Amino acid sequence: MKNLVIVESPAKARTITKFLGSDYKVLASMGHVRDLPKSKLGFDPENNFEPQYMVSRDKTKVIAELKKNITKDTVIYLAADEDREGEAIAWHLIPALKIQKNTIKRIVFHEITKTAIMKALENPREVDQNLVDAQQARRILDRAVGYKLSPLIWKKVRYGLSAGRVQSVAVRIIVDKEREIEAFDPVEFWKVKADFLDPSLRAELVKINGKTSKVKNEDEAKIIELSCNASSYLLEDIEEKESKRNPAPPFTTSTLQQEASRKAGFGVKQTMIVAQQLYEGSLTIPGHSGGLITYMRTDSVNLSSFATSMAKDVIESEYGKEYSLEKPRHYKSKAKGAQEAHEAIRPVNLALKPSDVRPYMDNGQYRLYSLIWKRTIATQMAQAVVANTTYKIKAGKDSEYEFQSKGTRIVFAGFMKSYTEGSDDPEAALENTEKILPTIKKGSTLDIEELTTEQNFTKPPARYTEASLVKKMEAEGIGRPSTYAPTIATIQAREYIIKTEDKKLKPTLIGTVVNDFLVEHFEDIVSLGFTAKVEEQFDDIAEGKIAWNEVMKNFYSDFVKNVDDKTENAPRAKFSDIRELGEHPELNKPITARVGQYGPYVQCGTKEDEDKPKIASIPNNLSVNNITLEESLVLLQLPKVLGQDESGDDIKVNIGRFGPYLQIKSTYYSLKEDDPYTIELERALVVIAELKEIKAKSLLKDFPDEDTQILIGRYGPYIKSKKKNFKLPKELDEQDIKALSWDEVKTIIKNQPVKGKRGATKKATTKKTVAKKTPAKKTTTTKKTAEKKTPSKKATKKKEEK
C-alpha cells in the first residue's frame with residue numbers, strides 16, 4: 001500500500017475511508033499499542049527515569065496486521081487525536097511498527113469531515129515531542145505513585161486495594177463532603193406565607209422592621225400571625241427592573257458532562273461514549289458523511305469564524321434577523337490550565353438540525369446532539385431581556401412586616417428561544433421560568449385568603465454527582481478533559497465510592513479508611529494544591545518550558561523515602577471505634593457495630609461468651625457510624641433456617657462474599673432478585689427448582705466419582721474438575737463431547753495449553769517443567785519463523801535503549 005493512515009478506532013477508520021481514494025488505506029491502532037509493563041515499576045530512576053515500554057499483549061495482533069500493510073516505500077500518516085494521549089499514541093507506533101526509515105507524517109484534525117481530512121493531509125507536521133513528554137511525565141509519575149503506594153495500602157489497610165495520584169484526590173473530595181454532611185447541624189426556621197383572593201396572589205414574609213430576617217421558631221411565627229391577622233394588607237410599592245441575560249459559553253468536555261447529566265440523566269462515562277460516536281460519524285445519514293461534532297475532549301470555549309458565520313445563517317433562517325448578532329460573540333475560558341488548541345464542542349454542520357437527524361440516531365445520540373446544537377446556536381444569539389417585578393406588601397399592627405411576591409416576564413426571548421442552561425439547584429432553576437403577576441394598582445388593599453406558617457430546617461450540603469464532581473475537579477485544576485471520566489469510573493470500580501439511588505456519590509467505609517490513611521501519612525500527595533501544581537508542570541512540559549525527567553527528579557526521591565519510612569514505621573490503619581447499639585431482646589446479649597479487615601459488621605455477644613458471637617455484614621446502604629439497634633436486629637436474622645426440602649434437609653438463607661444465597665447441605669443457590677431477610681420457604685423452593693433446571697441444562701457430561709463435569713458456560717463448553725476449569729478442543733461438537741470417556745477427558749486436561757510470559761501458549765509436559773519454565777533448546781530457524789519468535793529479555797532491553 002502506497003499510503004497508510006493510522007487512526008485510533010475502527011469507526012473512525014471506516015468514516016475516513018469514505019473520503020480517500022484507492023491510494024490510501026485507513027486502519028486502527030485501537031488506542032495505545034505500547035505501555036509500561038504491569039509486573040514491575042517500568043522505568044529506571046537511576047537512568048534519568050528511562051521508561052521500559054513494551055507492546056501490550058492485547059495489541060500484538062493489531063501490530064502484526066498493521067505491519068502487513070507496510071513496505072519500505074509506504075508513506076505513513078499518523079492520525080491520532082491532537083491531544084497529549086493522541087500524540088503519545090502516534091509516537092509509540094513508530095518503534096512498535098519499526099517504521100523509523102519510512103516517510104512519516106503526523107496529521108491532525110478536530111472534526112471528521114472530508115474538508116478537514118483533506119486539509120490535514122495537505123498540512124502534515126512532525127510528532128510534537130513536547131506533547132509526548134507531557135504524557136510520559138503523567139504516565140510515569142502516576143505509575144510511581146500507584147506502584148509505590150499500593151503495596152503500602154495492602155500492608156497497612158487491606159490486600160488488593162490501590163492508590164493513585166488523581167483518583168485518591170477525587171476520593172478525598174467526596175470524603176470531605178461527606179464529613180461536612182455528617183457534621184452539619186440543622187437550624188430551625190419558619191416561613192410565613194400569605195395567599196390573597198381576587199386576584200389570586202401568593203407572597204412570602206421577607207422583612208421585619210425593614211430588615212431581611214428569618215423567623216427562628218414557632219413562638220416568633222405565632223407573634224407574626226397574631227399581628228397580621230389583626231391588620232390589613234397594603235400593596236405599598238411595585239418595583240420593576242429590566243435585566244439582560246447572556247447565553248452560556250459553548251460546550252467544553254466538563255460542561256457537556258454536567259449538562260448531559262442535568263438534562264439527559266447521563267453518567268460522565270456514558271456522555272463520553274455517545275460523544276465519541278457522534279465525533280466518529282458511525283451513522284448513516286442521507287446527504288451527510290463524516291462526523292457530526294468536533295473533538296469532544298477540550299477545555300476551549302473558542303468557536304471558529306466559520307462556525308460563527310454558519311450559526312448566523314441558521315439563526316436568521318430559523319428565528320429571524322432580530323435574534324442574530326452583528327458581530328460574533330467570543331468567550332474566554334475560566335478553567336485552570338486550559339490548554340488544548342481545539343475549538344469548543346460544536347456540530348460540524350449547524351445546518352444539520354436535530355430534527356433532520358432524529359430518524360437516524362438512537363435516543364442517547366439524538367439527545368446529546370440536540371444539546372450540543374442548541375447550545376452552540378444560543379451562543380451566537382441576541383441577549384434575552386427579562387422584566388422583574390416585585391410587589392411589596394405591608395402588614396402587621398404597625399406595618400412592621402413586609403411580604404413580597406416576585407414575577408418574571410420575558411420582554412425579548414433572545415437566546416432563550418433556543419436554549420437555557422440547566423442548574424444543579426432546582427430552586428435556582430425556577431428563577432429562569434416566566435411567572436406573570438396579576439395586574440394590581442399600587443396602594444390597593446388585598447383580601448387575605450389564608451396565612452400559613454411552615455416549619456423548616458436548613459439543609460446539609462448536597463453530595464456530589466458525577467457531573468458536579470467534574471466541575472469541582474476542573475475548578476481546582478485537577479485532571480484534564482481526557483481524565484475526568486476514567487478517574488470517576490476507577491474510584492467506583494475500586495468500590496471506594498458508591499452511587500446512591502438518587503445518583504449521588506458517597507464514600508464507602510473502605511474508601512474513607514484509605515483516604516484517612518493517605519491524608520495522615522501522604523498529605524502532600526492527596527492535597528488539591530499538589531495535584532493542581534503537578535498538572536501545571538505537565539502544561540509547562542507540553543509548552544517546552546521544562547524537561548519531563550526534571551519534574552520526576554524533583555518528586556521521586558523524597559516520595560520514595562517517605563513511602564519506605566511509612567512502610568517501616570506507620571501503624572496499621574484504624575477502621576473505627578466499636579459502637580454499642582444495645583441489647584438483643586431475646587438473647588440478652590450486647591450488640592455492637594464495628595469494622596474488621598473485611599468490612600463493617602454487627603456482632604451479637606462477645607468472645608468471652610460460651611457460644612461463638614453471631615455476626616452479620618453491614619451492607620453499603622447502611623453505615624457503621626449510624627446503624628441503629630433495630631436495623632442490626634434485621635441483619636442478625638441471618639443465617640436462618642426457612643424450613644426443609646422434600647428430603648428433610650434444612651434450607652438456610654444467608655449473605656456471603658458474593659451476595660445473598662440459599663444453602664442445602666454443601667450446595668449453594670444464588671439469590672439474584674429476592675430479599676434474603678423476607679424470603680419464605682415457598683419462594684425459596686421455587687428459586688432452588690429454577691436454578692436446578694438451569695444447571696441441568698448446562699450439564700453435558702458428569703463424572704461424579706472423579707468430581708468432574710463438562711458444562712456449557714458463557715463462552716461455550718468447558719471442563720470443571722475439582723473446582724478448576726479447563727478448555728475443550730474447538731473441533732469437538734456437542735455429540736463428540738457427550739461421547740468422551742474419562743480417559744479422554746484426563747488426556748485433554750493433561751495437555752492443556754499454558755500461557756507463556758508474553759501471552760503465547762505452549763504445551764504442558766510435566767509439572768516440574770511448567771513450574772521451572774525451562775527454556776526450549778535452541779533450534780535453527782528460517783528467517784520467516786525467526787520473525788515470529790518472541791524476543792529475549794536481553795534483546796528487548798537493547799531495542800528499548802536504542
# chains A, B, ... in the order shown; residues from 1 in each chain; ligands from 1
$ residues_around --residues "Ala462 (chain A)" --least-positions-apart "6" --cutoff "9 Å" --atoms "only C-alpha atoms" --output "number ranges by chain"
A: 177-178, 181, 504
$ residues_around --residues "Ser56 (chain A)" --least-positions-apart "6" --cutoff "9 Å" --atoms "only C-alpha atoms" --output "list in words"
His32, Val33, Arg34, Asp35, Leu36, Pro37 and Arg758 of chain A
$ residues_around --residues "Ile16 (chain A)" --least-positions-apart "4" --cutoff "12 Å" --atoms "only C-alpha atoms" --output "MDAnalysis selection string"
chainID A and resid 4:12 20:21 24:28 79 109 111:118 120:121 279:282 289:291
$ write_last_selection --atoms "N, CA and C atoms" --output "mmCIF file, in the first residue's frame"
data_model
loop_
_atom_site.group_PDB
_atom_site.id
_atom_site.type_symbol
_atom_site.label_atom_id
_atom_site.label_comp_id
_atom_site.auth_asym_id
_atom_site.auth_seq_id
_atom_site.Cartn_x
_atom_site.Cartn_y
_atom_site.Cartn_z
ATOM 1 N N LEU A 4 -0.618 4.716 4.045
ATOM 2 C CA LEU A 4 -1.354 4.100 5.153
ATOM 3 C C LEU A 4 -1.662 5.171 6.187
ATOM 4 N N VAL A 5 -2.948 5.331 6.500
ATOM 5 C CA VAL A 5 -3.391 6.276 7.533
ATOM 6 C C VAL A 5 -3.765 5.457 8.768
ATOM 7 N N ILE A 6 -3.138 5.771 9.912
ATOM 8 C CA ILE A 6 -3.426 5.028 11.146
ATOM 9 C C ILE A 6 -4.171 5.939 12.118
ATOM 10 N N VAL A 7 -5.413 5.539 12.443
ATOM 11 C CA VAL A 7 -6.236 6.262 13.411
ATOM 12 C C VAL A 7 -6.391 5.392 14.656
ATOM 13 N N GLU A 8 -7.227 5.831 15.600
ATOM 14 C CA GLU A 8 -7.310 5.096 16.865
ATOM 15 C C GLU A 8 -8.411 4.048 16.895
ATOM 16 N N SER A 9 -9.511 4.285 16.195
ATOM 17 C CA SER A 9 -10.640 3.357 16.310
ATOM 18 C C SER A 9 -11.142 2.901 14.948
ATOM 19 N N PRO A 10 -11.717 1.706 14.867
ATOM 20 C CA PRO A 10 -12.272 1.197 13.600
ATOM 21 C C PRO A 10 -13.385 2.080 13.050
ATOM 22 N N ALA A 11 -14.216 2.661 13.960
ATOM 23 C CA ALA A 11 -15.315 3.515 13.491
ATOM 24 C C ALA A 11 -14.766 4.737 12.766
ATOM 25 N N LYS A 12 -13.714 5.327 13.336
ATOM 26 C CA LYS A 12 -13.081 6.488 12.712
ATOM 27 C C LYS A 12 -12.456 6.071 11.369
ATOM 28 N N LEU A 20 -11.250 9.117 1.149
ATOM 29 C CA LEU A 20 -9.954 8.943 0.479
ATOM 30 C C LEU A 20 -10.062 7.949 -0.675
ATOM 31 N N GLY A 21 -9.215 8.135 -1.666
ATOM 32 C CA GLY A 21 -9.242 7.270 -2.838
ATOM 33 C C GLY A 21 -8.548 5.948 -2.584
ATOM 34 N N TYR A 24 -5.109 5.154 -0.690
ATOM 35 C CA TYR A 24 -4.980 5.204 0.769
ATOM 36 C C TYR A 24 -5.687 4.014 1.414
ATOM 37 N N LYS A 25 -5.075 3.521 2.466
ATOM 38 C CA LYS A 25 -5.744 2.531 3.312
ATOM 39 C C LYS A 25 -5.790 3.112 4.725
ATOM 40 N N VAL A 26 -6.922 2.970 5.414
ATOM 41 C CA VAL A 26 -7.075 3.517 6.763
ATOM 42 C C VAL A 26 -7.299 2.368 7.741
ATOM 43 N N LEU A 27 -6.424 2.244 8.721
ATOM 44 C CA LEU A 27 -6.517 1.189 9.727
ATOM 45 C C LEU A 27 -6.453 1.780 11.130
ATOM 46 N N ALA A 28 -6.876 0.988 12.119
ATOM 47 C CA ALA A 28 -6.939 1.474 13.508
ATOM 48 C C ALA A 28 -5.887 0.810 14.385
ATOM 49 N N ALA A 79 -2.547 9.565 12.449
ATOM 50 C CA ALA A 79 -3.710 10.454 12.555
ATOM 51 C C ALA A 79 -4.448 10.293 13.874
ATOM 52 N N PHE A 109 -6.732 16.739 12.974
ATOM 53 C CA PHE A 109 -7.983 17.387 12.580
ATOM 54 C C PHE A 109 -8.887 17.388 13.799
ATOM 55 N N GLU A 111 -12.332 17.676 13.457
ATOM 56 C CA GLU A 111 -13.629 17.129 13.059
ATOM 57 C C GLU A 111 -13.386 16.145 11.926
ATOM 58 N N ILE A 112 -14.265 15.160 11.815
ATOM 59 C CA ILE A 112 -14.058 14.135 10.786
ATOM 60 C C ILE A 112 -14.999 14.420 9.620
ATOM 61 N N THR A 113 -14.557 15.374 8.786
ATOM 62 C CA THR A 113 -15.272 15.727 7.562
ATOM 63 C C THR A 113 -14.268 15.658 6.416
ATOM 64 N N LYS A 114 -14.773 15.576 5.193
ATOM 65 C CA LYS A 114 -13.865 15.474 4.042
ATOM 66 C C LYS A 114 -12.950 16.689 3.953
ATOM 67 N N THR A 115 -13.520 17.871 4.195
ATOM 68 C CA THR A 115 -12.726 19.103 4.133
ATOM 69 C C THR A 115 -11.591 19.059 5.148
ATOM 70 N N ALA A 116 -11.917 18.658 6.386
ATOM 71 C CA ALA A 116 -10.908 18.638 7.448
ATOM 72 C C ALA A 116 -9.828 17.597 7.180
ATOM 73 N N ILE A 117 -10.235 16.437 6.668
ATOM 74 C CA ILE A 117 -9.263 15.359 6.406
ATOM 75 C C ILE A 117 -8.329 15.761 5.265
ATOM 76 N N MET A 118 -8.872 16.318 4.168
ATOM 77 C CA MET A 118 -8.035 16.710 3.032
ATOM 78 C C MET A 118 -7.072 17.842 3.423
ATOM 79 N N ALA A 120 -5.888 18.312 6.424
ATOM 80 C CA ALA A 120 -4.865 17.707 7.287
ATOM 81 C C ALA A 120 -3.789 17.005 6.439
ATOM 82 N N LEU A 121 -4.206 16.307 5.396
ATOM 83 C CA LEU A 121 -3.241 15.613 4.524
ATOM 84 C C LEU A 121 -2.318 16.595 3.802
ATOM 85 N N TYR A 279 -18.727 12.042 17.178
ATOM 86 C CA TYR A 279 -17.478 12.569 16.596
ATOM 87 C C TYR A 279 -16.984 11.689 15.446
ATOM 88 N N GLU A 280 -17.064 10.371 15.638
ATOM 89 C CA GLU A 280 -16.520 9.445 14.635
ATOM 90 C C GLU A 280 -17.440 9.273 13.433
ATOM 91 N N GLY A 281 -18.696 9.651 13.592
ATOM 92 C CA GLY A 281 -19.594 9.623 12.445
ATOM 93 C C GLY A 281 -19.971 8.232 11.987
ATOM 94 N N SER A 282 -20.186 7.329 12.939
ATOM 95 C CA SER A 282 -20.527 5.949 12.574
ATOM 96 C C SER A 282 -22.037 5.804 12.355
ATOM 97 N N SER A 289 -21.925 12.921 5.249
ATOM 98 C CA SER A 289 -20.927 11.886 5.528
ATOM 99 C C SER A 289 -19.902 12.452 6.484
ATOM 100 N N GLY A 290 -19.435 11.617 7.387
ATOM 101 C CA GLY A 290 -18.425 12.049 8.348
ATOM 102 C C GLY A 290 -19.001 12.255 9.731
ATOM 103 N N GLY A 291 -18.181 12.860 10.584
ATOM 104 C CA GLY A 291 -18.569 13.090 11.972
ATOM 105 C C GLY A 291 -19.624 14.176 12.084
#
$ residues_around --residues "Ile712 (chain A)" --least-positions-apart "2" --cutoff "9 Å" --atoms "only C-alpha atoms" --output "PDB file with N, CA and C atoms, in the first residue's frame"
ATOM      1  N   LYS A 697     -29.605 -28.113  32.466  1.00  0.00           N
ATOM      2  CA  LYS A 697     -29.494 -27.817  31.035  1.00  0.00           C
ATOM      3  C   LYS A 697     -28.052 -27.525  30.626  1.00  0.00           C
ATOM      4  N   SER A 698     -27.268 -27.005  31.576  1.00  0.00           N
ATOM      5  CA  SER A 698     -25.875 -26.662  31.255  1.00  0.00           C
ATOM      6  C   SER A 698     -24.933 -27.855  31.391  1.00  0.00           C
ATOM      7  N   LEU A 699     -25.430 -28.990  31.925  1.00  0.00           N
ATOM      8  CA  LEU A 699     -24.573 -30.167  32.141  1.00  0.00           C
ATOM      9  C   LEU A 699     -24.590 -31.076  30.909  1.00  0.00           C
ATOM     10  N   LEU A 700     -23.407 -31.226  30.291  1.00  0.00           N
ATOM     11  CA  LEU A 700     -23.293 -32.111  29.132  1.00  0.00           C
ATOM     12  C   LEU A 700     -22.842 -33.511  29.531  1.00  0.00           C
ATOM     13  N   ILE A 710     -18.626 -31.746  32.548  1.00  0.00           N
ATOM     14  CA  ILE A 710     -18.484 -30.921  31.348  1.00  0.00           C
ATOM     15  C   ILE A 710     -19.751 -30.075  31.254  1.00  0.00           C
ATOM     16  N   ARG A 714     -20.713 -19.447  29.589  1.00  0.00           N
ATOM     17  CA  ARG A 714     -20.955 -18.232  28.806  1.00  0.00           C
ATOM     18  C   ARG A 714     -20.220 -18.248  27.462  1.00  0.00           C
ATOM     19  N   TYR A 715     -19.035 -18.830  27.461  1.00  0.00           N
ATOM     20  CA  TYR A 715     -18.221 -18.844  26.240  1.00  0.00           C
ATOM     21  C   TYR A 715     -18.179 -20.233  25.584  1.00  0.00           C
ATOM     22  N   GLY A 716     -19.134 -21.099  25.926  1.00  0.00           N
ATOM     23  CA  GLY A 716     -19.187 -22.419  25.316  1.00  0.00           C
ATOM     24  C   GLY A 716     -18.857 -23.528  26.301  1.00  0.00           C
ATOM     25  N   PRO A 717     -18.752 -24.787  25.822  1.00  0.00           N
ATOM     26  CA  PRO A 717     -18.484 -25.928  26.713  1.00  0.00           C
ATOM     27  C   PRO A 717     -17.078 -25.868  27.324  1.00  0.00           C
ATOM     28  N   TYR A 718     -16.969 -26.360  28.581  1.00  0.00           N
ATOM     29  CA  TYR A 718     -15.671 -26.427  29.256  1.00  0.00           C
ATOM     30  C   TYR A 718     -15.711 -27.547  30.294  1.00  0.00           C
ATOM     31  N   ILE A 719     -14.516 -27.932  30.756  1.00  0.00           N
ATOM     32  CA  ILE A 719     -14.409 -28.986  31.786  1.00  0.00           C
ATOM     33  C   ILE A 719     -14.220 -28.322  33.144  1.00  0.00           C
TER      34      ILE A 719
END
$ residues_around --residues "region 98-102 of chain A" --least-positions-apart "6" --cutoff "12 Å" --atoms "only C-alpha atoms" --output "PyMOL selection string"
chain A and resi 2-4+55+63-64+66-67+69-78+90-92+799-800+802
$ write_last_selection --atoms "N, CA and C atoms" --output "short mmCIF file (atom, residue, chain, number, x, y, z; two decimals), in the first residue's frame"
data_model
loop_
_atom_site.label_atom_id
_atom_site.label_comp_id
_atom_site.auth_asym_id
_atom_site.auth_seq_id
_atom_site.Cartn_x
_atom_site.Cartn_y
_atom_site.Cartn_z
N LYS A 2 0.56 2.20 -0.91
CA LYS A 2 1.38 3.39 -1.05
C LYS A 2 1.24 4.32 0.16
N ASN A 3 0.00 4.52 0.63
CA ASN A 3 -0.26 5.42 1.76
C ASN A 3 -1.10 4.71 2.81
N LEU A 4 -0.62 4.72 4.05
CA LEU A 4 -1.35 4.10 5.15
C LEU A 4 -1.66 5.17 6.19
N VAL A 55 5.26 -3.62 23.87
CA VAL A 55 3.99 -3.75 23.16
C VAL A 55 3.01 -4.50 24.06
N ILE A 63 -0.59 -4.93 15.83
CA ILE A 63 0.71 -4.57 15.25
C ILE A 63 1.01 -5.44 14.04
N ALA A 64 0.74 -6.75 14.16
CA ALA A 64 1.01 -7.68 13.05
C ALA A 64 0.17 -7.30 11.83
N LEU A 66 -1.09 -4.31 11.08
CA LEU A 66 -0.59 -3.04 10.53
C LEU A 66 0.67 -3.27 9.71
N LYS A 67 1.55 -4.13 10.22
CA LYS A 67 2.82 -4.41 9.52
C LYS A 67 2.59 -5.03 8.14
N ASN A 69 0.57 -4.24 6.03
CA ASN A 69 0.22 -3.20 5.06
C ASN A 69 1.33 -2.17 4.88
N ILE A 70 2.52 -2.49 5.38
CA ILE A 70 3.64 -1.55 5.29
C ILE A 70 4.80 -2.18 4.53
N THR A 71 5.29 -1.47 3.54
CA THR A 71 6.55 -1.84 2.89
C THR A 71 7.51 -0.67 3.11
N LYS A 72 8.73 -0.81 2.60
CA LYS A 72 9.71 0.26 2.83
C LYS A 72 9.32 1.55 2.10
N ASP A 73 8.42 1.46 1.10
CA ASP A 73 8.02 2.64 0.33
C ASP A 73 6.71 3.26 0.83
N THR A 74 6.07 2.62 1.82
CA THR A 74 4.78 3.12 2.29
C THR A 74 4.95 4.45 3.04
N VAL A 75 4.12 5.43 2.66
CA VAL A 75 4.07 6.69 3.41
C VAL A 75 3.02 6.52 4.51
N ILE A 76 3.44 6.79 5.75
CA ILE A 76 2.56 6.51 6.89
C ILE A 76 2.09 7.82 7.51
N TYR A 77 0.77 7.96 7.58
CA TYR A 77 0.14 9.14 8.20
C TYR A 77 -0.36 8.73 9.59
N LEU A 78 0.21 9.34 10.61
CA LEU A 78 -0.22 9.05 11.99
C LEU A 78 -1.31 10.05 12.34
N ALA A 90 0.65 8.17 18.61
CA ALA A 90 1.37 8.30 17.33
C ALA A 90 2.86 8.00 17.52
N TRP A 91 3.44 8.55 18.57
CA TRP A 91 4.88 8.37 18.85
C TRP A 91 5.22 6.91 19.12
N HIS A 92 4.38 6.21 19.89
CA HIS A 92 4.62 4.81 20.22
C HIS A 92 4.51 3.90 19.00
N LYS A 799 16.79 -3.06 22.44
CA LYS A 799 15.98 -2.30 21.49
C LYS A 799 15.37 -1.08 22.15
N GLU A 800 14.89 -1.26 23.40
CA GLU A 800 14.28 -0.14 24.10
C GLU A 800 15.31 0.96 24.40
N LYS A 802 17.92 1.63 22.56
CA LYS A 802 18.16 2.35 21.31
C LYS A 802 17.11 3.41 21.07
#
$ select_by_dssp --residues "region 278-399 of chain A" --states "strand (DSSP E)" --output "ChimeraX atom specification"
/A:384-395
$ closest_residue --among "A:Asp299, A:Glu180, A:Glu450, A:Glu322" --to "Ile345 (chain A)" --atoms "only C-alpha atoms"
A:Asp299
$ closest_atom_pairs --of "region 26-89 of chain A" --to "region 478-493 of chain A" --cutoff "12 Å" --atoms "only C-alpha atoms" --output "CSV"
residue,atom,partner,partner_atom,distance
A:Asp81,CA,A:Ser482,CA,11.3
A:Glu82,CA,A:Ser482,CA,11.7
A:Asp83,CA,A:Ser482,CA,8.8
A:Arg84,CA,A:Ser482,CA,9.2
A:Glu85,CA,A:Ser482,CA,8.3
A:Gly86,CA,A:Ser482,CA,10.5
$ write_last_selection --atoms "all heavy atoms" --output "short mmCIF file (atom, residue, chain, number, x, y, z; two decimals), in the first residue's frame"
data_model
loop_
_atom_site.label_atom_id
_atom_site.label_comp_id
_atom_site.auth_asym_id
_atom_site.auth_seq_id
_atom_site.Cartn_x
_atom_site.Cartn_y
_atom_site.Cartn_z
N ASP A 81 -5.64 11.48 17.73
CA ASP A 81 -6.21 12.76 18.17
C ASP A 81 -5.11 13.76 18.55
O ASP A 81 -4.03 13.38 18.99
CB ASP A 81 -7.12 12.55 19.38
CG ASP A 81 -8.33 11.69 19.03
OD1 ASP A 81 -8.80 11.78 17.88
OD2 ASP A 81 -8.79 10.94 19.90
N GLU A 82 -5.44 15.06 18.40
CA GLU A 82 -4.44 16.09 18.72
C GLU A 82 -4.57 16.52 20.18
O GLU A 82 -5.01 17.62 20.50
CB GLU A 82 -4.58 17.30 17.81
CG GLU A 82 -3.37 18.25 17.96
CD GLU A 82 -3.52 19.56 17.24
OE1 GLU A 82 -4.65 19.93 16.89
OE2 GLU A 82 -2.51 20.23 17.03
N ASP A 83 -4.22 15.61 21.07
CA ASP A 83 -4.01 15.96 22.47
C ASP A 83 -2.83 15.13 22.94
O ASP A 83 -2.19 14.43 22.14
CB ASP A 83 -5.27 15.73 23.32
CG ASP A 83 -5.80 14.30 23.21
OD1 ASP A 83 -5.05 13.41 22.74
OD2 ASP A 83 -6.95 14.06 23.61
N ARG A 84 -2.52 15.18 24.22
CA ARG A 84 -1.31 14.51 24.68
C ARG A 84 -1.38 13.00 24.50
O ARG A 84 -0.40 12.36 24.09
CB ARG A 84 -1.05 14.86 26.15
CG ARG A 84 -0.76 16.33 26.35
CD ARG A 84 -0.79 16.69 27.83
NE ARG A 84 -0.80 18.13 27.98
CZ ARG A 84 -0.96 18.74 29.14
NH1 ARG A 84 -1.12 18.04 30.24
NH2 ARG A 84 -0.96 20.06 29.21
N GLU A 85 -2.54 12.42 24.80
CA GLU A 85 -2.68 10.98 24.64
C GLU A 85 -2.55 10.59 23.17
O GLU A 85 -1.88 9.61 22.81
CB GLU A 85 -4.03 10.50 25.19
CG GLU A 85 -4.17 10.55 26.69
CD GLU A 85 -3.19 9.65 27.42
OE1 GLU A 85 -2.89 8.54 26.93
OE2 GLU A 85 -2.69 10.06 28.49
N GLY A 86 -3.19 11.36 22.29
CA GLY A 86 -3.12 11.07 20.86
C GLY A 86 -1.71 11.20 20.32
O GLY A 86 -1.25 10.38 19.51
#
$ atom_distance --atom1 "CA of Ala616 (chain A)" --atom2 "CA of Pro639 (chain A)"
8.6 Å
$ select_by_dssp --residues "region 518-746 of chain A" --states "alpha helix (DSSP H)" --output "ChimeraX atom specification"
/A:518-521,528-542,548-569,629-635,681-698,734-738,742-746
$ atom_distance --atom1 "CA of Ala163 (chain A)" --atom2 "CA of Phe517 (chain A)"
10.8 Å
